[in-house]
file data_4.cif (mmCIF, C-alpha atoms)
data_target
loop_
_atom_site.label_atom_id
_atom_site.label_comp_id
_atom_site.auth_asym_id
_atom_site.auth_seq_id
_atom_site.Cartn_x
_atom_site.Cartn_y
_atom_site.Cartn_z
CA MET A 1 -6.26 -7.37 15.76
CA ASP A 2 -2.68 -6.26 15.33
CA ILE A 3 -1.62 -4.01 12.42
CA ARG A 4 2.01 -2.94 12.13
CA VAL A 5 3.74 -0.83 9.47
CA SER A 6 7.42 -0.27 10.13
CA GLU A 7 10.90 0.05 8.67
CA THR A 8 12.19 -2.38 11.29
CA PRO A 9 12.83 -5.96 10.10
CA PHE A 10 10.65 -8.63 11.69
CA ASP A 11 11.22 -12.30 12.48
CA PRO A 12 8.51 -14.34 10.69
CA GLY A 13 8.94 -17.40 12.89
CA ALA A 14 8.83 -15.47 16.16
CA GLU A 15 5.77 -13.55 14.97
CA SER A 16 4.02 -16.76 13.99
CA ASN A 17 4.84 -18.43 17.31
CA ALA A 18 3.54 -15.45 19.28
CA PHE A 19 0.34 -15.41 17.21
CA LEU A 20 -0.21 -19.14 17.77
CA GLU A 21 0.51 -18.81 21.48
CA ARG A 22 -2.13 -16.09 21.86
CA GLY A 23 -4.73 -18.01 19.85
CA LYS A 24 -3.97 -21.66 20.42
CA ALA A 25 -7.50 -22.57 21.53
CA ALA A 26 -9.07 -21.25 18.31
CA GLY A 27 -8.47 -24.28 16.09
CA ALA A 28 -6.94 -23.04 12.83
CA ALA A 29 -4.23 -20.55 11.96
CA VAL A 30 -2.88 -19.58 8.52
CA THR A 31 0.34 -17.60 8.06
CA PHE A 32 1.40 -16.04 4.76
CA THR A 33 4.86 -14.47 4.48
CA GLY A 34 5.90 -12.42 1.46
CA LEU A 35 9.67 -12.32 0.80
CA VAL A 36 11.81 -10.18 -1.46
CA ARG A 37 11.99 -12.16 -4.70
CA SER A 38 15.12 -12.50 -6.83
CA LEU A 39 14.84 -15.10 -9.58
CA PRO A 40 17.83 -16.39 -11.59
CA ASP A 41 16.58 -14.83 -14.86
CA GLU A 42 15.60 -11.51 -13.24
CA PRO A 43 17.94 -11.06 -10.27
CA ILE A 44 17.60 -7.99 -8.11
CA LEU A 45 20.12 -6.48 -5.72
CA ALA A 46 17.64 -4.74 -3.43
CA LEU A 47 14.01 -3.74 -3.07
CA THR A 48 12.99 -0.40 -1.63
CA LEU A 49 9.41 0.21 -0.55
CA ASP A 50 8.01 3.70 -0.38
CA CYS A 51 5.10 4.05 2.03
CA TYR A 52 2.58 6.46 3.51
CA PRO A 53 2.57 4.90 6.98
CA GLU A 54 -0.43 6.68 8.50
CA LEU A 55 -2.66 5.81 5.54
CA ALA A 56 -1.22 2.28 5.38
CA VAL A 57 -2.30 1.60 8.96
CA ASN A 58 -5.78 2.98 8.22
CA GLN A 59 -6.13 0.92 5.04
CA LEU A 60 -4.79 -2.32 6.55
CA THR A 61 -7.08 -1.88 9.56
CA ALA A 62 -10.09 -1.42 7.26
CA ILE A 63 -9.15 -4.48 5.16
CA ALA A 64 -8.53 -6.65 8.22
CA THR A 65 -11.79 -5.53 9.83
CA GLN A 66 -13.66 -6.51 6.67
CA ALA A 67 -12.00 -9.94 6.57
CA MET A 68 -12.64 -10.55 10.30
CA ALA A 69 -16.36 -9.88 9.83
CA ARG A 70 -16.76 -11.75 6.57
CA PHE A 71 -15.04 -14.95 7.71
CA SER A 72 -15.81 -14.71 11.43
CA LEU A 73 -12.11 -14.75 12.24
CA ALA A 74 -10.97 -14.91 15.86
CA ASP A 75 -7.92 -12.74 15.24
CA ILE A 76 -5.78 -11.27 12.50
CA THR A 77 -2.29 -9.78 12.37
CA VAL A 78 -0.80 -7.84 9.47
CA ILE A 79 2.86 -6.77 9.49
CA HIS A 80 4.25 -4.78 6.55
CA ARG A 81 7.72 -3.36 6.19
CA TYR A 82 8.94 -0.45 4.13
CA GLY A 83 12.37 0.96 3.33
CA ARG A 84 15.28 -0.93 1.79
CA MET A 85 15.39 -4.74 1.82
CA LEU A 86 17.57 -7.48 0.37
CA PRO A 87 16.48 -10.64 -1.50
CA GLY A 88 14.98 -13.18 0.86
CA GLU A 89 14.02 -10.68 3.55
CA PRO A 90 10.39 -10.75 4.74
CA ILE A 91 8.24 -7.86 3.46
CA VAL A 92 4.81 -8.78 4.69
CA GLN A 93 3.16 -11.30 6.99
CA VAL A 94 -0.55 -11.95 7.36
CA MET A 95 -1.85 -14.33 10.02
CA ALA A 96 -5.49 -15.33 10.37
CA LEU A 97 -7.04 -17.30 13.20
CA SER A 98 -10.35 -19.11 13.04
CA ALA A 99 -12.28 -22.10 14.28
CA HIS A 100 -11.95 -23.76 10.86
CA ARG A 101 -9.24 -23.90 8.21
CA GLN A 102 -11.23 -22.59 5.24
CA ALA A 103 -12.10 -19.31 6.98
CA ALA A 104 -8.47 -18.88 8.04
CA PHE A 105 -7.19 -19.51 4.47
CA ASP A 106 -9.85 -17.22 2.94
CA GLY A 107 -9.29 -14.46 5.48
CA ALA A 108 -5.53 -14.39 4.95
CA GLN A 109 -5.93 -14.49 1.17
CA MET A 110 -8.53 -11.74 1.07
CA VAL A 111 -6.30 -9.47 3.15
CA MET A 112 -3.35 -10.12 0.82
CA ASP A 113 -5.43 -9.56 -2.32
CA TYR A 114 -6.77 -6.23 -1.03
CA LEU A 115 -3.45 -5.15 0.38
CA LYS A 116 -1.74 -5.47 -3.02
CA THR A 117 -3.90 -2.76 -4.62
CA ASP A 118 -5.31 -0.75 -1.69
CA ALA A 119 -2.44 -0.28 0.77
CA PRO A 120 -0.08 2.63 0.02
CA PHE A 121 3.20 0.84 -0.64
CA TRP A 122 5.30 1.21 -3.79
CA LYS A 123 8.14 -1.13 -4.76
CA LYS A 124 11.32 -0.03 -6.46
CA GLU A 125 13.75 -2.70 -7.66
CA THR A 126 17.48 -2.18 -7.85
CA THR A 127 19.15 -4.39 -10.46
CA ALA A 128 22.64 -4.52 -11.97
CA THR A 129 21.45 -2.12 -14.67
CA GLY A 130 19.71 0.45 -12.47
CA GLU A 131 16.52 1.16 -10.57
CA HIS A 132 12.89 1.02 -11.61
CA TRP A 133 9.46 1.29 -10.01
CA VAL A 134 7.47 -1.93 -10.19
CA GLN A 135 4.37 -1.60 -12.37
CA ALA A 136 0.96 -2.32 -10.89
CA LYS A 137 -0.38 -5.59 -12.33
CA PRO A 138 -3.90 -6.08 -13.73
CA ALA A 139 -3.76 -9.60 -12.20
CA ASP A 140 -3.68 -7.98 -8.76
CA ASP A 141 -6.86 -6.02 -9.52
CA ASN A 142 -8.49 -9.25 -10.70
CA ALA A 143 -7.43 -11.10 -7.54
CA LYS A 144 -9.12 -8.42 -5.45
CA ALA A 145 -12.23 -8.30 -7.65
CA ARG A 146 -13.13 -11.92 -7.03
CA TRP A 147 -13.89 -11.09 -3.37
CA GLU A 148 -16.37 -8.48 -4.55
CA ALA A 149 -18.35 -10.76 -6.88
CA MET B 1 -2.91 22.87 2.22
CA LYS B 2 -0.18 20.27 2.52
CA VAL B 3 0.22 18.11 -0.60
CA LEU B 4 2.06 14.75 -0.37
CA TYR B 5 3.64 12.90 -3.29
CA PHE B 6 4.81 9.28 -3.35
CA ALA B 7 6.96 6.87 -5.37
CA TRP B 8 7.55 7.88 -9.01
CA LEU B 9 5.30 10.90 -8.61
CA ARG B 10 7.65 12.24 -5.92
CA GLU B 11 10.62 11.66 -8.24
CA ARG B 12 8.97 13.29 -11.26
CA LEU B 13 8.03 16.37 -9.25
CA ASN B 14 11.33 16.26 -7.37
CA MET B 15 9.72 16.79 -3.95
CA SER B 16 7.91 14.71 -1.36
CA GLU B 17 5.59 17.47 -0.15
CA GLU B 18 4.72 21.12 -0.48
CA ASP B 19 2.30 23.67 0.95
CA ILE B 20 -0.04 25.22 -1.60
CA ALA B 21 -2.59 27.98 -1.10
CA PHE B 22 -5.06 26.84 -3.76
CA PRO B 23 -7.19 29.43 -5.56
CA PRO B 24 -10.92 29.36 -4.74
CA GLU B 25 -11.79 27.46 -7.93
CA VAL B 26 -9.90 24.41 -6.62
CA VAL B 27 -12.74 22.71 -4.77
CA THR B 28 -12.32 18.93 -5.17
CA THR B 29 -9.50 16.36 -5.21
CA GLY B 30 -9.84 16.23 -9.01
CA ASP B 31 -9.37 20.01 -9.17
CA VAL B 32 -6.07 19.61 -7.28
CA ILE B 33 -4.76 17.21 -9.91
CA ALA B 34 -5.95 19.48 -12.72
CA TYR B 35 -4.29 22.47 -11.01
CA LEU B 36 -0.96 20.63 -10.65
CA ALA B 37 -1.13 19.34 -14.23
CA ALA B 38 -1.64 22.91 -15.50
CA ARG B 39 1.01 24.45 -13.24
CA ASP B 40 4.18 23.51 -15.14
CA GLU B 41 5.74 21.01 -17.50
CA ALA B 42 6.72 18.55 -14.74
CA GLY B 43 3.12 18.56 -13.50
CA ALA B 44 1.74 18.08 -17.00
CA LEU B 45 3.97 15.02 -17.49
CA ALA B 46 3.39 13.57 -14.03
CA PHE B 47 -0.40 13.85 -14.27
CA GLU B 48 -0.69 12.85 -17.91
CA ARG B 49 -3.15 10.08 -16.88
CA PRO B 50 -5.03 11.62 -13.93
CA ALA B 51 -7.44 8.69 -13.55
CA ILE B 52 -4.71 6.30 -12.35
CA PHE B 53 -4.19 8.21 -9.10
CA LYS B 54 -6.00 7.60 -5.86
CA THR B 55 -6.27 10.49 -3.45
CA ALA B 56 -6.40 10.63 0.33
CA LEU B 57 -7.61 13.51 2.50
CA ASP B 58 -6.16 13.53 6.03
CA ALA B 59 -4.95 9.91 5.57
CA ARG B 60 -8.32 8.53 4.37
CA ILE B 61 -8.79 7.42 0.76
CA VAL B 62 -11.66 9.30 -0.86
CA PRO B 63 -13.50 8.84 -4.18
CA HIS B 64 -12.52 10.99 -7.17
CA GLY B 65 -14.11 14.42 -7.04
CA THR B 66 -14.48 14.60 -3.27
CA PRO B 67 -14.61 18.20 -1.97
CA LEU B 68 -11.49 19.22 -0.04
CA ALA B 69 -13.71 20.89 2.58
CA ASP B 70 -11.52 21.59 5.63
CA ALA B 71 -8.97 18.80 5.05
CA LYS B 72 -5.41 19.77 5.94
CA VAL B 73 -3.47 17.18 3.91
CA ILE B 74 -4.05 15.75 0.46
CA ALA B 75 -1.97 12.79 -0.72
CA LEU B 76 -1.65 11.87 -4.39
CA LEU B 77 -1.10 8.14 -4.76
CA PRO B 78 0.16 6.33 -7.88
CA PRO B 79 -1.11 2.74 -8.40
CA MET B 80 0.00 0.76 -5.36
CA THR B 81 2.40 -2.19 -5.53
CA GLY B 82 2.80 -3.51 -1.99
CA GLY B 83 2.63 -7.02 -0.59
#
call {"tool": "encode", "arguments": {"input": "data_4.cif", "output": "structure tokens"}}
result
Amino acid sequence: MDIRVSETPFDPGAESNAFLERGKAAGAAVTFTGLVRSLPDEPILALTLDCYPELAVNQLTAIATQAMARFSLADITVIHRYGRMLPGEPIVQVMALSAHRQAAFDGAQMVMDYLKTDAPFWKKETTATGEHWVQAKPADDNAKARWEA
Amino acid sequence: MKVLYFAWLRERLNMSEEDIAFPPEVVTTGDVIAYLAARDEAGALAFERPAIFKTALDARIVPHGTPLADAKVIALLPPMTGG
């Protein structure tokens, strides 16, 4: 398991290749990459993530450990950035390795769903009109809750 | 005890951390929030809805109402929006 929380940018392709190289005999790997979004009708200039790094590592480790056990994953990597980012830059990458595709999909998705509400990161958007903290979404709580049913 | 604030809570209180010698009646994480809410106007506004905050003691999230015991750091965490 590899859990990284850092201000340093990461290269999603290089990370994915390294993960596949380490686990190529396993059978199935899923990679999810979250990027800074800027849509035409709600463009942003920058995204700044506040973070409590020590707690973030603890929380991501707990979430990943849970997903590993539940879906019998062979390996999992979670990389999460904080600090200031521009549209299109990678924020987060979750990679899950398993003998079968469904477990790899489920493991990666469960980690993302938990991470959204349980890992101490806070997004602030900078737009042409100013800055604002992103509101927590009830949909994110619901996405997490379905793993607890 | 060291108290950490994050995101909009840090901005509303205008500080990222402080050291507070809590009075003996502050026993649990919930008491810390109540203490800060009663301390001044900025605290009252920031902690208007105390139930939305999660708290961590020494970088571990704990349930509401957990005794502070001998923890050295408490973090007050607004609803999280990572990913």
call {"tool": "closest_residue", "arguments": {"input": "data_4.cif", "among": "B:Met80, B:Ala46, B:Ala56, B:Ile61", "to": "Val3 (chain B)", "atoms": "only C-alpha atoms"}}
result
B:Ala56
call {"tool": "residues_around", "arguments": {"input": "data_4.cif", "residues": "Phe6 (chain B)", "least_positions_apart": "3", "cutoff": "8 Å", "atoms": "only C-alpha atoms", "output": "VMD selection string"}}
result
(chain A and resid 50 to 52) or (chain B and resid 9 to 11 16 76 to 78)
call {"tool": "resolve_selection", "arguments": {"input": "data_4.cif", "expression": "the PyMOL selection byres ((chain B) within 10 of (chain A))", "output": "PyMOL selection string"}}
result
chain B and resi 4-8+54+56-61+75+77-83
call {"tool": "closest_residue", "arguments": {"input": "data_4.cif", "among": "A:Arg84, A:Arg37, A:His100, A:Arg4", "to": "Ala25 (chain A)", "atoms": "all atoms listed in the file"}}
result
A:His100
call {"tool": "atom_distance", "arguments": {"input": "data_4.cif", "atom1": "CA of Gly83 (chain A)", "atom2": "CA of Ala64 (chain A)"}}
result
22.8 Å
call {"tool": "resolve_selection", "arguments": {"input": "data_4.cif", "expression": "the PyMOL selection byres ((chain B and resi 69) around 10)", "output": "list in words"}}
result
Val27, Thr28, Thr29, Leu57, Thr66, Pro67, Leu68, Asp70, Ala71 and Lys72 of chain B
call {"tool": "resolve_selection", "arguments": {"input": "data_4.cif", "expression": "the PyMOL selection byres ((chain B and resi 34) around 12)", "output": "list in words"}}
result
Phe22, Glu25, Val26, Val27, Thr28, Thr29, Gly30, Asp31, Val32, Ile33, Tyr35, Leu36, Ala37, Ala38, Arg39, Asp40, Gly43, Ala44, Leu45, Ala46, Phe47, Glu48, Arg49, Pro50, Ala51, Phe53 and Gly65 of chain B
call {"tool": "atom_distance", "arguments": {"input": "data_4.cif", "atom1": "CA of Trp147 (chain A)", "atom2": "CA of Gly27 (chain A)"}}
result
24.1 Å
call {"tool": "residues_around", "arguments": {"input": "data_4.cif", "residues": "Ile3 (chain A)", "least_positions_apart": "4", "cutoff": "7 Å", "atoms": "only C-alpha atoms", "output": "NGL selection string"}}
result
:A and (57 or 60-61 or 77-79)
call {"tool": "closest_residue", "arguments": {"input": "data_4.cif", "among": "A:Ala67, A:Ala143, A:Ala108, A:Met95", "to": "Pro12 (chain A)", "atoms": "all atoms listed in the file"}}
result
A:Met95
call {"tool": "atom_distance", "arguments": {"input": "data_4.cif", "atom1": "CA of Ala42 (chain B)", "atom2": "CA of Asn14 (chain B)"}}
result
9.0 Å
call {"tool": "closest_residue", "arguments": {"input": "data_4.cif", "among": "A:Glu21, A:Ala96, A:Ser6, A:Thr127", "to": "Thr65 (chain A)", "atoms": "all atoms listed in the file"}}
result
A:Ala96
call {"tool": "closest_residue", "arguments": {"input": "data_4.cif", "among": "A:Glu89, A:Phe10, A:Arg101, A:Leu45", "to": "Ser72 (chain A)", "atoms": "all atoms listed in the file"}}
result
A:Arg101
call {"tool": "closest_residue", "arguments": {"input": "data_4.cif", "among": "A:Glu148, A:Val5, A:Ala29, A:Arg22", "to": "Arg70 (chain A)", "atoms": "all atoms listed in the file"}}
result
A:Glu148
call {"tool": "build_atoms", "arguments": {"input": "data_4.cif", "residues": "region 32-45 of chain B", "atoms": "N, CA and C atoms", "output": "PDB file, in the coordinates of the input"}}
result
ATOM      1  N   VAL B  32      -7.479  19.522  -7.699  1.00  0.00           N
ATOM      2  CA  VAL B  32      -6.070  19.610  -7.280  1.00  0.00           C
ATOM      3  C   VAL B  32      -5.177  19.016  -8.358  1.00  0.00           C
ATOM      4  N   ILE B  33      -5.567  17.849  -8.855  1.00  0.00           N
ATOM      5  CA  ILE B  33      -4.760  17.210  -9.910  1.00  0.00           C
ATOM      6  C   ILE B  33      -4.735  18.082 -11.164  1.00  0.00           C
ATOM      7  N   ALA B  34      -5.889  18.620 -11.529  1.00  0.00           N
ATOM      8  CA  ALA B  34      -5.950  19.480 -12.720  1.00  0.00           C
ATOM      9  C   ALA B  34      -5.072  20.731 -12.522  1.00  0.00           C
ATOM     10  N   TYR B  35      -5.093  21.275 -11.322  1.00  0.00           N
ATOM     11  CA  TYR B  35      -4.290  22.470 -11.010  1.00  0.00           C
ATOM     12  C   TYR B  35      -2.795  22.157 -11.157  1.00  0.00           C
ATOM     13  N   LEU B  36      -2.385  21.004 -10.598  1.00  0.00           N
ATOM     14  CA  LEU B  36      -0.960  20.630 -10.650  1.00  0.00           C
ATOM     15  C   LEU B  36      -0.534  20.312 -12.082  1.00  0.00           C
ATOM     16  N   ALA B  37      -1.448  19.690 -12.834  1.00  0.00           N
ATOM     17  CA  ALA B  37      -1.130  19.340 -14.230  1.00  0.00           C
ATOM     18  C   ALA B  37      -0.960  20.605 -15.075  1.00  0.00           C
ATOM     19  N   ALA B  38      -1.682  21.666 -14.710  1.00  0.00           N
ATOM     20  CA  ALA B  38      -1.640  22.910 -15.500  1.00  0.00           C
ATOM     21  C   ALA B  38      -0.521  23.835 -15.030  1.00  0.00           C
ATOM     22  N   ARG B  39       0.092  23.513 -13.869  1.00  0.00           N
ATOM     23  CA  ARG B  39       1.010  24.450 -13.240  1.00  0.00           C
ATOM     24  C   ARG B  39       2.331  24.588 -14.013  1.00  0.00           C
ATOM     25  N   ASP B  40       2.906  23.467 -14.414  1.00  0.00           N
ATOM     26  CA  ASP B  40       4.180  23.510 -15.140  1.00  0.00           C
ATOM     27  C   ASP B  40       4.378  22.212 -15.933  1.00  0.00           C
ATOM     28  N   GLU B  41       5.489  22.150 -16.607  1.00  0.00           N
ATOM     29  CA  GLU B  41       5.740  21.010 -17.500  1.00  0.00           C
ATOM     30  C   GLU B  41       5.875  19.702 -16.720  1.00  0.00           C
ATOM     31  N   ALA B  42       6.546  19.762 -15.571  1.00  0.00           N
ATOM     32  CA  ALA B  42       6.720  18.550 -14.740  1.00  0.00           C
ATOM     33  C   ALA B  42       5.353  18.036 -14.299  1.00  0.00           C
ATOM     34  N   GLY B  43       4.473  18.942 -13.916  1.00  0.00           N
ATOM     35  CA  GLY B  43       3.120  18.560 -13.500  1.00  0.00           C
ATOM     36  C   GLY B  43       2.333  17.961 -14.653  1.00  0.00           C
ATOM     37  N   ALA B  44       2.460  18.578 -15.825  1.00  0.00           N
ATOM     38  CA  ALA B  44       1.740  18.080 -17.000  1.00  0.00           C
ATOM     39  C   ALA B  44       2.150  16.641 -17.300  1.00  0.00           C
ATOM     40  N   LEU B  45       3.454  16.376 -17.219  1.00  0.00           N
ATOM     41  CA  LEU B  45       3.970  15.020 -17.490  1.00  0.00           C
ATOM     42  C   LEU B  45       3.540  14.029 -16.399  1.00  0.00           C
TER      43      LEU B  45
END
